[in-house]
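Undergrad: Quick one: this structure, given as structure tokens, is what I'll be asking you about.
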Amino acid sequence: MLEALASIHPDADTQPFWDWCAKRELRFQRCDSCGRFRFPPLSGCRHCGATAAEWVRVAGRGRVFSHTTVAHAAFPDLRGDVPYSVVVVEFDEAPGARLISNVVGIDPAKVTVGMELELFFDEAAGIVLPRFRPVGR
């Protein structure tokens, strides 16, 4: 896990996202001009070009938009974790924002598109990560 986390290098646009995660809050950028949400964070809106945005907190309930199962560890530290699910999560509270994360607490073969998920935060190597589990588990 530690090697994988070493690949997280926030920049000026993404640092606020990680700062909010450190406070155990999931927030997405919302354009001050057109009101559209965006993720990953960008310096300007891809829809209208405006640069002003606010970081809006979301509760963290979402649905699986897409998923895959990882069967081979990309880093030696992850060998004990395979197989695991990587998901793209979409949120009713932040239409247009989709977050890549993983689902825990379920056999990866049982993850389905549309499955309802709830957020929890997990910390490793000093980095707080947004992760998900099926609602009710």
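Each chain of the structure tokens is named A, B, ... in the order shown, its residues numbered from 1; ligands are numbered from 1 in display order.
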Leaving out A:Cys34 and any residue of its chain fewer than 3 positions from it, which residues lie within 9 Å of it when counting only C-alpha atoms, given as a PyMOL selection string?
TA: chain A and resi 30-31+45+47-48+50
Undergrad: Report the residues of chain A whose backbone DSSP state falls under helix (DSSP H, G or I), written as a PyMOL selection string.
TA: chain A and resi 2-5+15-22+76-81+108-110
Undergrad: Please produce a file of those selected residues containing C-alpha atoms, as a CSV table (one decimal), in the first residue's frame.
TA:
```
chain,number,residue,atom,x,y,z
A,2,LEU,CA,2.8,2.4,0.8
A,3,GLU,CA,4.3,2.3,-2.7
A,4,ALA,CA,0.9,2.9,-4.2
A,5,LEU,CA,0.4,6.0,-2.0
A,15,GLN,CA,-4.3,20.0,-3.0
A,16,PRO,CA,-7.6,21.4,-1.7
A,17,PHE,CA,-9.3,18.0,-2.4
A,18,TRP,CA,-6.7,16.2,-0.3
A,19,ASP,CA,-6.8,18.8,2.4
A,20,TRP,CA,-10.6,18.3,2.8
A,21,CYS,CA,-10.0,14.5,2.8
A,22,ALA,CA,-7.6,15.0,5.7
A,76,PRO,CA,4.4,-5.5,-4.2
A,77,ASP,CA,2.7,-3.9,-1.1
A,78,LEU,CA,-0.7,-4.7,-2.6
A,79,ARG,CA,-0.2,-8.5,-3.1
A,80,GLY,CA,-2.2,-9.3,0.0
A,81,ASP,CA,-5.1,-7.1,-1.1
A,108,PRO,CA,-15.4,-8.0,-6.0
A,109,ALA,CA,-17.4,-10.4,-8.2
A,110,LYS,CA,-20.6,-9.1,-6.5
```
Undergrad: Using only C-alpha atoms, which of A:Pro10, A:Gly60, A:Pro134, A:Pro41 sits nearest A:Gly114?
TA: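 Smallest distance to A:Gly114 is found for A:Pro134.
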Undergrad: Given the choices A:Arg98, A:Arg57, A:His67, A:Lys23, which gets closest to A:Pro40 if the distance is worked out from only C-alpha atoms?
TA: A:Arg98
Undergrad: Set the distance at 6 Å and use only C-alpha atoms: which residues neighbour stretch 99-103 of chain A once local chain neighbours fewer than 4 positions away are removed? I'd like the list as a PyMOL selection string.
TA: chain A and resi 85-89+131-133
Undergrad: Would you please extract all strand (DSSP E) residues from stretch 44-77 of chain A, as assigned by DSSP on the backbone, and give them as a list in words?
TA: Ala53, Glu54, Trp55, Val56, Arg57, Val58, Arg61, Gly62, Arg63, Val64, Phe65, Ser66, His67, Thr68, Thr69 and Val70 of chain A
